[in-house]
$ cat entry.pdb   # PDB, C-alpha atoms and all ligand atoms
MODEL        1
ATOM      1  CA  MET U   1       0.000   0.000   0.000  1.00  0.00           C
ATOM      2  CA  ASN U   2       1.366   3.444  -0.833  1.00  0.00           C
ATOM      3  CA  THR U   3       2.055   6.006   1.855  1.00  0.00           C
ATOM      4  CA  GLU U   4      -0.584   8.401   0.698  1.00  0.00           C
ATOM      5  CA  LYS U   5      -3.274   5.815   1.107  1.00  0.00           C
ATOM      6  CA  LYS U   6      -1.981   4.838   4.531  1.00  0.00           C
ATOM      7  CA  GLU U   7      -2.069   8.462   5.619  1.00  0.00           C
ATOM      8  CA  SER U   8      -5.607   8.943   4.485  1.00  0.00           C
ATOM      9  CA  MET U   9      -6.672   5.779   6.247  1.00  0.00           C
ATOM     10  CA  ARG U  10      -5.116   6.976   9.463  1.00  0.00           C
ATOM     11  CA  PHE U  11      -7.060  10.163   9.136  1.00  0.00           C
ATOM     12  CA  VAL U  12     -10.243   8.198   8.656  1.00  0.00           C
ATOM     13  CA  GLY U  13      -9.423   6.274  11.793  1.00  0.00           C
ATOM     14  CA  GLN U  14      -9.318   9.450  13.821  1.00  0.00           C
ATOM     15  CA  HIS U  15     -11.826  11.968  12.609  1.00  0.00           C
ATOM     16  CA  GLY U  16     -13.402  10.222   9.699  1.00  0.00           C
ATOM     17  CA  SER U  17     -14.890   7.580  11.937  1.00  0.00           C
ATOM     18  CA  TYR U  18     -17.249  10.471  12.538  1.00  0.00           C
ATOM     19  CA  GLY U  19     -18.741   9.606   9.187  1.00  0.00           C
ATOM     20  CA  ALA U  20     -20.207   6.359  10.448  1.00  0.00           C
ATOM     21  CA  LEU U  21     -21.023   7.786  13.851  1.00  0.00           C
ATOM     22  CA  LEU U  22     -23.243  10.392  12.296  1.00  0.00           C
ATOM     23  CA  PHE U  23     -25.769   7.678  11.597  1.00  0.00           C
ATOM     24  CA  ASP U  24     -25.856   6.744  15.255  1.00  0.00           C
ATOM     25  CA  GLN U  25     -29.156   7.362  16.997  1.00  0.00           C
ATOM     26  CA  ARG U  26     -27.397   9.078  19.914  1.00  0.00           C
ATOM     27  CA  TRP U  27     -25.919  11.602  17.513  1.00  0.00           C
ATOM     28  CA  LYS U  28     -29.271  12.173  15.829  1.00  0.00           C
ATOM     29  CA  ASP U  29     -30.911  12.880  19.182  1.00  0.00           C
ATOM     30  CA  PHE U  30     -28.120  15.154  20.301  1.00  0.00           C
ATOM     31  CA  ARG U  31     -28.118  17.017  17.014  1.00  0.00           C
ATOM     32  CA  LYS U  32     -31.855  17.534  17.256  1.00  0.00           C
ATOM     33  CA  LYS U  33     -31.454  19.086  20.688  1.00  0.00           C
ATOM     34  CA  ILE U  34     -28.851  21.548  19.424  1.00  0.00           C
ATOM     35  CA  LEU U  35     -30.955  22.419  16.383  1.00  0.00           C
ATOM     36  CA  GLU U  36     -33.923  23.140  18.618  1.00  0.00           C
ATOM     37  CA  ARG U  37     -31.785  25.287  20.879  1.00  0.00           C
ATOM     38  CA  ASP U  38     -30.606  27.254  17.839  1.00  0.00           C
ATOM     39  CA  GLN U  39     -34.167  27.401  16.478  1.00  0.00           C
ATOM     40  CA  HIS U  40     -33.068  25.662  13.285  1.00  0.00           C
ATOM     41  CA  LYS U  41     -31.092  28.678  12.178  1.00  0.00           C
ATOM     42  CA  CYS U  42     -27.465  29.160  11.303  1.00  0.00           C
ATOM     43  CA  ARG U  43     -25.816  30.802  14.289  1.00  0.00           C
ATOM     44  CA  CYS U  44     -23.632  32.817  11.978  1.00  0.00           C
ATOM     45  CA  CYS U  45     -25.928  34.226   9.261  1.00  0.00           C
ATOM     46  CA  GLY U  46     -29.399  33.145  10.388  1.00  0.00           C
ATOM     47  CA  ALA U  47     -30.092  31.000   7.339  1.00  0.00           C
ATOM     48  CA  GLU U  48     -32.683  28.287   7.782  1.00  0.00           C
ATOM     49  CA  GLY U  49     -32.798  24.933   6.100  1.00  0.00           C
ATOM     50  CA  LYS U  50     -30.157  22.288   5.962  1.00  0.00           C
ATOM     51  CA  LEU U  51     -27.817  22.877   8.869  1.00  0.00           C
ATOM     52  CA  GLU U  52     -24.653  21.213  10.001  1.00  0.00           C
ATOM     53  CA  MET U  53     -23.222  20.774  13.459  1.00  0.00           C
ATOM     54  CA  HIS U  54     -19.951  22.383  14.243  1.00  0.00           C
ATOM     55  CA  HIS U  55     -17.764  21.335  17.163  1.00  0.00           C
ATOM     56  CA  ARG U  56     -15.851  24.273  18.551  1.00  0.00           C
ATOM     57  CA  GLN U  57     -13.335  21.941  20.145  1.00  0.00           C
ATOM     58  CA  TYR U  58     -12.379  18.344  19.770  1.00  0.00           C
ATOM     59  CA  HIS U  59     -11.692  16.441  22.911  1.00  0.00           C
ATOM     60  CA  TYR U  60      -9.163  13.709  23.053  1.00  0.00           C
ATOM     61  CA  SER U  61      -9.293  11.542  26.118  1.00  0.00           C
ATOM     62  CA  LYS U  62      -5.838  10.785  27.442  1.00  0.00           C
ATOM     63  CA  THR U  63      -7.100   7.893  29.497  1.00  0.00           C
ATOM     64  CA  LEU U  64      -9.135   6.250  26.752  1.00  0.00           C
ATOM     65  CA  ARG U  65      -6.633   7.323  24.101  1.00  0.00           C
ATOM     66  CA  LYS U  66      -9.302   8.308  21.660  1.00  0.00           C
ATOM     67  CA  TYR U  67     -11.513  11.148  20.580  1.00  0.00           C
ATOM     68  CA  ARG U  68     -14.822  11.640  22.256  1.00  0.00           C
ATOM     69  CA  LYS U  69     -17.893  10.592  20.407  1.00  0.00           C
ATOM     70  CA  PRO U  70     -19.531  13.574  18.723  1.00  0.00           C
ATOM     71  CA  TRP U  71     -22.452  13.486  21.168  1.00  0.00           C
ATOM     72  CA  GLU U  72     -20.269  13.315  24.262  1.00  0.00           C
ATOM     73  CA  TYR U  73     -19.550  17.044  24.250  1.00  0.00           C
ATOM     74  CA  PRO U  74     -21.154  19.719  26.371  1.00  0.00           C
ATOM     75  CA  GLU U  75     -23.905  21.382  24.353  1.00  0.00           C
ATOM     76  CA  ASN U  76     -22.217  24.775  24.485  1.00  0.00           C
ATOM     77  CA  LEU U  77     -19.381  23.456  22.346  1.00  0.00           C
ATOM     78  CA  LEU U  78     -21.711  22.787  19.447  1.00  0.00           C
ATOM     79  CA  ILE U  79     -23.313  25.263  17.121  1.00  0.00           C
ATOM     80  CA  SER U  80     -25.615  24.926  14.150  1.00  0.00           C
ATOM     81  CA  LEU U  81     -24.216  26.380  10.946  1.00  0.00           C
ATOM     82  CA  CYS U  82     -25.327  26.413   7.335  1.00  0.00           C
ATOM     83  CA  LYS U  83     -23.018  24.671   4.920  1.00  0.00           C
ATOM     84  CA  THR U  84     -21.516  27.941   3.654  1.00  0.00           C
ATOM     85  CA  CYS U  85     -20.668  29.340   7.081  1.00  0.00           C
ATOM     86  CA  HIS U  86     -19.429  25.957   8.213  1.00  0.00           C
ATOM     87  CA  GLN U  87     -17.001  25.627   5.319  1.00  0.00           C
ATOM     88  CA  LYS U  88     -15.872  29.213   5.701  1.00  0.00           C
ATOM     89  CA  GLY U  89     -15.289  28.694   9.386  1.00  0.00           C
ATOM     90  CA  HIS U  90     -13.130  25.661   8.778  1.00  0.00           C
ATOM     91  CA  GLN U  91     -11.074  27.536   6.219  1.00  0.00           C
ATOM     92  CA  LEU U  92     -10.439  30.353   8.661  1.00  0.00           C
ATOM     93  CA  TYR U  93      -9.947  28.492  11.893  1.00  0.00           C
ATOM     94  CA  LYS U  94      -8.545  25.188  12.903  1.00  0.00           C
ATOM     95  CA  VAL U  95     -10.683  23.433  15.486  1.00  0.00           C
ATOM     96  CA  PRO U  96      -8.506  23.119  18.585  1.00  0.00           C
ATOM     97  CA  THR U  97      -8.054  19.718  20.129  1.00  0.00           C
ATOM     98  CA  LYS U  98      -8.189  19.648  23.889  1.00  0.00           C
ATOM     99  CA  TYR U  99      -6.559  16.816  25.739  1.00  0.00           C
ATOM    100  CA  VAL U 100      -8.843  15.853  28.540  1.00  0.00           C
TER     101      VAL U 100
HETATM  102 ZN    ZN D 201     -24.761  30.618   7.742  1.00  0.00          ZN
HETATM  103 ZN    ZN D 202     -17.171  22.123  11.949  1.00  0.00          ZN
ENDMDL
END

$ encode --input "entry.pdb" --output "structure tokens" --more "lines below"
Ligand SMILES: [Zn+2]
Ligand SMILES: [Zn+2]
Amino acid sequence: MNTEKKESMRFVGQHGSYGALLFDQRWKDFRKKILERDQHKCRCCGAEGKLEMHHRQYHYSKTLRKYRKPWEYPENLLISLCKTCHQKGHQLYKVPTKYV
């Protein structure tokens, strides 16, 4: 296997496992709660419609040696954003990882 592929697989192992987790019922419930809190509007521009969840921090557990599940964060670390604001945000800022 070439290095590039290995690298991308390692990435999937860390953050990309999010992909599968997003189908988890616990995530769906959590997401719904945040969306209701934000009244189904983008917290940045107020757009309604299809919104995404943004984590303001990622938490890495030193004891468990892995990232927290997306729904294991305090609600104040999540905000609802429209796709445009979400992408813009990620271009401008790097989400900090906190070692907990
Ligand atoms: Zn927006
Ligand atoms: Zn995000």

$ closest_residue --input "entry.pdb" --among "U:Arg68, U:Lys32, U:Arg26, U:His90" --to "ligand ZN 202 (chain D)" --atoms "all atoms listed in the file"
U:His90

$ closest_residue --input "entry.pdb" --among "U:His59, U:Arg43, U:Lys66, U:Arg37" --to "Lys98 in chain U" --atoms "all atoms listed in the file"
U:His59

$ closest_residue --input "entry.pdb" --among "U:Tyr99, U:Phe23, U:Tyr18, U:Tyr60" --to "ligand ZN 202 (chain D)" --atoms "all atoms listed in the file"
U:Tyr18

$ axis_aligned_box --input "entry.pdb" --around "range 31-42 of chain U" --padding-each-side "4 Å" --output "JSON"
{"center_x": -30.8, "center_y": 23.1, "center_z": 16.1, "size_x": 14.7, "size_y": 20.1, "size_z": 17.6}

$ residues_near_ligand --input "entry.pdb" --ligand "ligand ZN 202 (chain D)" --cutoff "9 Å" --atoms "only C-alpha atoms and all ligand atoms" --output "list in words"
Glu52, Met53, His54, His55, Arg56, Leu78, Ile79, Leu81, His86, Gln87, Gly89, His90 and Val95 of chain U

$ resolve_selection --input "entry.pdb" --expression "the PyMOL selection byres (((not hetatm)) within 6 of (chain D and resi 201))" --output "list in words"
Cys42, Cys44, Cys45, Gly46, Ala47, Leu81, Cys82, Thr84 and Cys85 of chain U

$ atom_distance --input "entry.pdb" --atom1 "CA of Pro96 in chain U" --atom2 "CA of Tyr58 in chain U"
6.3 Å

$ closest_residue --input "entry.pdb" --among "U:Lys33, U:Leu92, U:Val100, U:Leu64" --to "Ser80 in chain U" --atoms "all atoms listed in the file"
U:Lys33

$ atom_distance --input "entry.pdb" --atom1 "CA of Lys83 in chain U" --atom2 "CA of Leu51 in chain U"
6.5 Å

$ closest_residue --input "entry.pdb" --among "U:Gln91, U:Thr63, U:Lys41, U:Ile34" --to "Leu77 in chain U" --atoms "all atoms listed in the file"
U:Ile34

$ atom_distance --input "entry.pdb" --atom1 "CA of Asn76 in chain U" --atom2 "CA of Gly49 in chain U"
21.2 Å
